[in-house]
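Student: I'd like to ask you about the structure that follows.
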Amino acid sequence: MLARLVTEKISLVCPIHGVSIGRKNDKSTWRIDFKDEATQPKKDAAQLEVDNFDLIEVATEEQRQA
């Protein structure tokens, strides 16, 4: 669920193939796989989405669905 949500958010600002989530609580382990047409400003915007991604919101959504 987390990778899907992150992918959806990032896809709004940058063309990507997808994301890989290493350790959930350590964003430095998250990787974005950019498409060739992704420009540097779009890559920067994608990284900003990762940096600002709210893990608490995801946990709340997971609890609602359980």
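Residue numbering restarts at 1 for every chain of the structure tokens, chains are lettered A, B, ... in their displayed order, and ligands are numbered from 1 as they appear.
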Applying 12 Å and only C-alpha atoms, which residues near Leu48 (chain A) remain after dropping the ones on its own chain fewer than 2 positions away? List them as a PDB file with N, CA and C atoms, in the first residue's frame.

Tutor:
```pdb
ATOM      1  N   VAL A   6       2.894   6.277  -2.593  1.00  0.00           N
ATOM      2  CA  VAL A   6       4.038   7.120  -2.945  1.00  0.00           C
ATOM      3  C   VAL A   6       4.130   7.260  -4.456  1.00  0.00           C
ATOM      4  N   LYS A   9       1.494   9.710  -5.734  1.00  0.00           N
ATOM      5  CA  LYS A   9       1.855  11.109  -5.436  1.00  0.00           C
ATOM      6  C   LYS A   9       2.940  11.618  -6.369  1.00  0.00           C
ATOM      7  N   ILE A  10       4.005  10.834  -6.512  1.00  0.00           N
ATOM      8  CA  ILE A  10       5.148  11.263  -7.329  1.00  0.00           C
ATOM      9  C   ILE A  10       4.768  11.360  -8.798  1.00  0.00           C
ATOM     10  N   VAL A  13       3.835  14.657 -10.357  1.00  0.00           N
ATOM     11  CA  VAL A  13       4.817  15.727 -10.603  1.00  0.00           C
ATOM     12  C   VAL A  13       5.979  15.302 -11.492  1.00  0.00           C
ATOM     13  N   CYS A  14       6.116  13.982 -11.753  1.00  0.00           N
ATOM     14  CA  CYS A  14       7.282  13.514 -12.495  1.00  0.00           C
ATOM     15  C   CYS A  14       6.997  12.152 -13.133  1.00  0.00           C
ATOM     16  N   LYS A  27      13.371   7.200   5.021  1.00  0.00           N
ATOM     17  CA  LYS A  27      13.182   7.641   3.638  1.00  0.00           C
ATOM     18  C   LYS A  27      14.477   7.651   2.830  1.00  0.00           C
ATOM     19  N   ILE A  32      13.480   6.174  -6.173  1.00  0.00           N
ATOM     20  CA  ILE A  32      12.564   6.521  -7.262  1.00  0.00           C
ATOM     21  C   ILE A  32      13.211   6.079  -8.569  1.00  0.00           C
ATOM     22  N   PRO A  41      14.308  19.386 -12.845  1.00  0.00           N
ATOM     23  CA  PRO A  41      13.309  20.039 -11.986  1.00  0.00           C
ATOM     24  C   PRO A  41      12.187  19.080 -11.558  1.00  0.00           C
ATOM     25  N   LYS A  42      11.781  18.187 -12.451  1.00  0.00           N
ATOM     26  CA  LYS A  42      10.743  17.214 -12.095  1.00  0.00           C
ATOM     27  C   LYS A  42      11.274  16.191 -11.095  1.00  0.00           C
ATOM     28  N   LYS A  43      12.531  15.792 -11.262  1.00  0.00           N
ATOM     29  CA  LYS A  43      13.148  14.868 -10.292  1.00  0.00           C
ATOM     30  C   LYS A  43      13.224  15.528  -8.922  1.00  0.00           C
ATOM     31  N   ASP A  44      13.559  16.808  -8.910  1.00  0.00           N
ATOM     32  CA  ASP A  44      13.614  17.547  -7.649  1.00  0.00           C
ATOM     33  C   ASP A  44      12.228  17.603  -6.998  1.00  0.00           C
ATOM     34  N   ALA A  45      11.200  17.822  -7.813  1.00  0.00           N
ATOM     35  CA  ALA A  45       9.835  17.865  -7.299  1.00  0.00           C
ATOM     36  C   ALA A  45       9.426  16.496  -6.739  1.00  0.00           C
ATOM     37  N   ALA A  46       9.859  15.440  -7.415  1.00  0.00           N
ATOM     38  CA  ALA A  46       9.567  14.089  -6.940  1.00  0.00           C
ATOM     39  C   ALA A  46      10.229  13.833  -5.596  1.00  0.00           C
ATOM     40  N   VAL A  50       8.666  12.889  -1.746  1.00  0.00           N
ATOM     41  CA  VAL A  50       9.140  11.863  -0.813  1.00  0.00           C
ATOM     42  C   VAL A  50       9.451  12.499   0.536  1.00  0.00           C
ATOM     43  N   ASP A  51      10.185  13.584   0.502  1.00  0.00           N
ATOM     44  CA  ASP A  51      10.586  14.240   1.745  1.00  0.00           C
ATOM     45  C   ASP A  51       9.378  14.672   2.578  1.00  0.00           C
ATOM     46  N   ASN A  52       8.311  15.069   1.908  1.00  0.00           N
ATOM     47  CA  ASN A  52       7.125  15.575   2.605  1.00  0.00           C
ATOM     48  C   ASN A  52       6.033  14.527   2.804  1.00  0.00           C
ATOM     49  N   PHE A  53       6.285  13.303   2.369  1.00  0.00           N
ATOM     50  CA  PHE A  53       5.274  12.249   2.467  1.00  0.00           C
ATOM     51  C   PHE A  53       4.959  11.961   3.930  1.00  0.00           C
ATOM     52  N   ASP A  54       3.678  11.918   4.260  1.00  0.00           N
ATOM     53  CA  ASP A  54       3.214  11.780   5.642  1.00  0.00           C
ATOM     54  C   ASP A  54       2.945  10.310   5.982  1.00  0.00           C
TER      55      ASP A  54
END
```

Student: Where in chain A does DSSP assign alpha helix (DSSP H), given as number ranges by chain?

Tutor: A: 2-11, 40-52, 55-65

Student: Since we have the selection now, will you write its residues out, keeping N, CA, C and O atoms, as a tab-separated table (two decimals), in the first residue's frame?

Tutor:
```tsv
chain	number	residue	atom	x	y	z
A	2	LEU	N	1.92	1.27	0.79
A	2	LEU	CA	2.78	2.45	0.88
A	2	LEU	C	3.41	2.78	-0.48
A	2	LEU	O	3.36	3.92	-0.93
A	3	ALA	N	3.98	1.78	-1.14
A	3	ALA	CA	4.62	2.02	-2.43
A	3	ALA	C	3.61	2.55	-3.45
A	3	ALA	O	3.93	3.45	-4.23
A	4	ARG	N	2.40	2.03	-3.41
A	4	ARG	CA	1.36	2.49	-4.34
A	4	ARG	C	1.03	3.95	-4.09
A	4	ARG	O	0.94	4.76	-5.04
A	5	LEU	N	0.87	4.32	-2.83
A	5	LEU	CA	0.54	5.71	-2.50
A	5	LEU	C	1.67	6.67	-2.88
A	5	LEU	O	1.41	7.75	-3.42
A	6	VAL	N	2.89	6.28	-2.59
A	6	VAL	CA	4.04	7.12	-2.94
A	6	VAL	C	4.13	7.26	-4.46
A	6	VAL	O	4.35	8.35	-4.98
A	7	THR	N	3.96	6.15	-5.17
A	7	THR	CA	4.00	6.18	-6.64
A	7	THR	C	2.94	7.12	-7.19
A	7	THR	O	3.22	7.92	-8.09
A	8	GLU	N	1.73	7.04	-6.66
A	8	GLU	CA	0.65	7.91	-7.13
A	8	GLU	C	0.99	9.38	-6.91
A	8	GLU	O	0.77	10.20	-7.80
A	9	LYS	N	1.49	9.71	-5.73
A	9	LYS	CA	1.86	11.11	-5.44
A	9	LYS	C	2.94	11.62	-6.37
A	9	LYS	O	2.84	12.70	-6.93
A	10	ILE	N	4.01	10.83	-6.51
A	10	ILE	CA	5.15	11.26	-7.33
A	10	ILE	C	4.77	11.36	-8.80
A	10	ILE	O	5.21	12.26	-9.50
A	11	SER	N	3.93	10.45	-9.25
A	11	SER	CA	3.52	10.44	-10.67
A	11	SER	C	2.81	11.72	-11.08
A	11	SER	O	2.77	12.06	-12.26
A	40	GLN	N	15.46	17.38	-14.59
A	40	GLN	CA	15.97	17.59	-13.23
A	40	GLN	C	14.97	18.34	-12.34
A	40	GLN	O	14.78	17.94	-11.19
A	41	PRO	N	14.31	19.39	-12.84
A	41	PRO	CA	13.31	20.04	-11.99
A	41	PRO	C	12.19	19.08	-11.56
A	41	PRO	O	11.71	19.14	-10.43
A	42	LYS	N	11.78	18.19	-12.45
A	42	LYS	CA	10.74	17.21	-12.09
A	42	LYS	C	11.27	16.19	-11.10
A	42	LYS	O	10.57	15.76	-10.19
A	43	LYS	N	12.53	15.79	-11.26
A	43	LYS	CA	13.15	14.87	-10.29
A	43	LYS	C	13.22	15.53	-8.92
A	43	LYS	O	12.98	14.88	-7.90
A	44	ASP	N	13.56	16.81	-8.91
A	44	ASP	CA	13.61	17.55	-7.65
A	44	ASP	C	12.23	17.60	-7.00
A	44	ASP	O	12.10	17.45	-5.78
A	45	ALA	N	11.20	17.82	-7.81
A	45	ALA	CA	9.83	17.87	-7.30
A	45	ALA	C	9.43	16.50	-6.74
A	45	ALA	O	8.76	16.41	-5.71
A	46	ALA	N	9.86	15.44	-7.41
A	46	ALA	CA	9.57	14.09	-6.94
A	46	ALA	C	10.23	13.83	-5.60
A	46	ALA	O	9.62	13.27	-4.68
A	47	GLN	N	11.47	14.25	-5.45
A	47	GLN	CA	12.17	14.07	-4.18
A	47	GLN	C	11.50	14.86	-3.08
A	47	GLN	O	11.40	14.40	-1.94
A	48	LEU	N	10.99	16.03	-3.41
A	48	LEU	CA	10.28	16.83	-2.43
A	48	LEU	C	9.01	16.11	-1.96
A	48	LEU	O	8.65	16.16	-0.78
A	49	GLU	N	8.33	15.44	-2.88
A	49	GLU	CA	7.16	14.65	-2.50
A	49	GLU	C	7.54	13.56	-1.50
A	49	GLU	O	6.83	13.32	-0.54
A	50	VAL	N	8.67	12.89	-1.75
A	50	VAL	CA	9.14	11.86	-0.81
A	50	VAL	C	9.45	12.50	0.54
A	50	VAL	O	9.02	12.01	1.59
A	51	ASP	N	10.19	13.58	0.50
A	51	ASP	CA	10.59	14.24	1.75
A	51	ASP	C	9.38	14.67	2.58
A	51	ASP	O	9.43	14.62	3.81
A	52	ASN	N	8.31	15.07	1.91
A	52	ASN	CA	7.12	15.58	2.61
A	52	ASN	C	6.03	14.53	2.80
A	52	ASN	O	4.97	14.84	3.35
A	55	LEU	N	3.88	9.69	6.68
A	55	LEU	CA	3.71	8.29	7.08
A	55	LEU	C	2.59	8.10	8.09
A	55	LEU	O	1.96	7.05	8.13
A	56	ILE	N	2.31	9.11	8.89
A	56	ILE	CA	1.22	9.01	9.88
A	56	ILE	C	-0.12	8.90	9.15
A	56	ILE	O	-0.99	8.12	9.54
A	57	GLU	N	-0.26	9.65	8.07
A	57	GLU	CA	-1.49	9.58	7.28
A	57	GLU	C	-1.69	8.18	6.72
A	57	GLU	O	-2.79	7.65	6.72
A	58	VAL	N	-0.62	7.56	6.27
A	58	VAL	CA	-0.70	6.20	5.72
A	58	VAL	C	-1.09	5.21	6.82
A	58	VAL	O	-1.95	4.35	6.62
A	59	ALA	N	-0.48	5.35	7.99
A	59	ALA	CA	-0.80	4.45	9.09
A	59	ALA	C	-2.27	4.58	9.49
A	59	ALA	O	-2.94	3.58	9.76
A	60	THR	N	-2.78	5.80	9.48
A	60	THR	CA	-4.18	6.04	9.82
A	60	THR	C	-5.08	5.36	8.79
A	60	THR	O	-6.08	4.72	9.14
A	61	GLU	N	-4.73	5.50	7.51
A	61	GLU	CA	-5.52	4.87	6.44
A	61	GLU	C	-5.48	3.35	6.56
A	61	GLU	O	-6.50	2.69	6.38
A	62	GLU	N	-4.33	2.79	6.88
A	62	GLU	CA	-4.21	1.34	7.05
A	62	GLU	C	-5.08	0.86	8.20
A	62	GLU	O	-5.71	-0.20	8.11
A	63	GLN	N	-5.15	1.62	9.27
A	63	GLN	CA	-5.98	1.25	10.43
A	63	GLN	C	-7.46	1.30	10.06
A	63	GLN	O	-8.25	0.45	10.49
A	64	ARG	N	-7.84	2.27	9.26
A	64	ARG	CA	-9.25	2.37	8.84
A	64	ARG	C	-9.67	1.17	8.00
A	64	ARG	O	-10.79	0.72	8.07
A	65	GLN	N	-8.74	0.69	7.18
A	65	GLN	CA	-9.05	-0.42	6.29
A	65	GLN	C	-8.99	-1.77	6.98
A	65	GLN	O	-9.50	-2.75	6.45
```

Student: With a distance cut-off of 7 Å and only C-alpha atoms, select the neighbouring residues of Ile21 (chain A), excluding the residue or stretch itself and same-chain residues fewer than 5 positions from it, and output the selection as number ranges by chain.

Tutor: A: 3, 29-31

Student: So that I have them on file, write out the residues from the current selection with all heavy atoms, as a JSON list (two decimals), in the first residue's frame.

Tutor:
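For reference, out_36.json as written:
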```json
[["chain", "number", "residue", "atom", "x", "y", "z"],
["A", 3, "ALA", "N", 3.98, 1.78, -1.14],
["A", 3, "ALA", "CA", 4.62, 2.02, -2.43],
["A", 3, "ALA", "C", 3.61, 2.55, -3.45],
["A", 3, "ALA", "O", 3.93, 3.45, -4.23],
["A", 3, "ALA", "CB", 5.29, 0.76, -2.94],
["A", 29, "THR", "N", 16.21, 5.24, 2.41],
["A", 29, "THR", "CA", 16.26, 3.92, 1.75],
["A", 29, "THR", "C", 15.22, 3.80, 0.64],
["A", 29, "THR", "O", 15.13, 2.76, 0.00],
["A", 29, "THR", "CB", 16.05, 2.79, 2.77],
["A", 29, "THR", "OG1", 14.70, 2.86, 3.27],
["A", 29, "THR", "CG2", 17.04, 2.86, 3.91],
["A", 30, "TRP", "N", 14.44, 4.84, 0.43],
["A", 30, "TRP", "CA", 13.44, 4.84, -0.64],
["A", 30, "TRP", "C", 14.12, 5.24, -1.95],
["A", 30, "TRP", "O", 14.95, 6.12, -1.98],
["A", 30, "TRP", "CB", 12.33, 5.82, -0.34],
["A", 30, "TRP", "CG", 11.53, 5.54, 0.90],
["A", 30, "TRP", "CD1", 11.86, 4.70, 1.93],
["A", 30, "TRP", "CD2", 10.30, 6.12, 1.25],
["A", 30, "TRP", "NE1", 10.90, 4.73, 2.89],
["A", 30, "TRP", "CE2", 9.92, 5.60, 2.51],
["A", 30, "TRP", "CE3", 9.47, 7.05, 0.65],
["A", 30, "TRP", "CZ2", 8.74, 5.97, 3.15],
["A", 30, "TRP", "CZ3", 8.30, 7.42, 1.28],
["A", 30, "TRP", "CH2", 7.94, 6.87, 2.51],
["A", 31, "ARG", "N", 13.75, 4.57, -3.05],
["A", 31, "ARG", "CA", 14.35, 4.87, -4.35],
["A", 31, "ARG", "C", 13.24, 5.16, -5.37],
["A", 31, "ARG", "O", 12.23, 4.48, -5.41],
["A", 31, "ARG", "CB", 15.18, 3.68, -4.83],
["A", 31, "ARG", "CG", 15.95, 3.99, -6.11],
["A", 31, "ARG", "CD", 16.68, 2.77, -6.66],
["A", 31, "ARG", "NE", 15.72, 1.87, -7.29],
["A", 31, "ARG", "CZ", 15.54, 0.61, -6.93],
["A", 31, "ARG", "NH1", 16.23, 0.06, -5.97],
["A", 31, "ARG", "NH2", 14.64, -0.14, -7.56]]
```

Student: Could you go through region 5-66 of chain A and tell me which residues DSSP, when run on the backbone, assigns to strand (DSSP E), listing them as a list in words?

Tutor: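 Secondary structure check on region 5-66 of chain A, strand (DSSP E): Ile16, His17, Gly18, Val19, Ser20, Arg31, Ile32, Asp33 and Phe34 of chain A.
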
Student: If I take CA of His17 (chain A) and CA of Ala38 (chain A), how far is one from the other in Å, to one decimal?

Tutor: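 According to the coordinates, CA of His17 (chain A) and CA of Ala38 (chain A) are separated by 10.5 Å.
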
Student: Using CA of Leu12 (chain A) and CA of Thr39 (chain A) as the two end points, give the distance in Å to one decimal.

Tutor: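 Straight-line distance from CA of Leu12 (chain A) to CA of Thr39 (chain A) works out to 13.9 Å.
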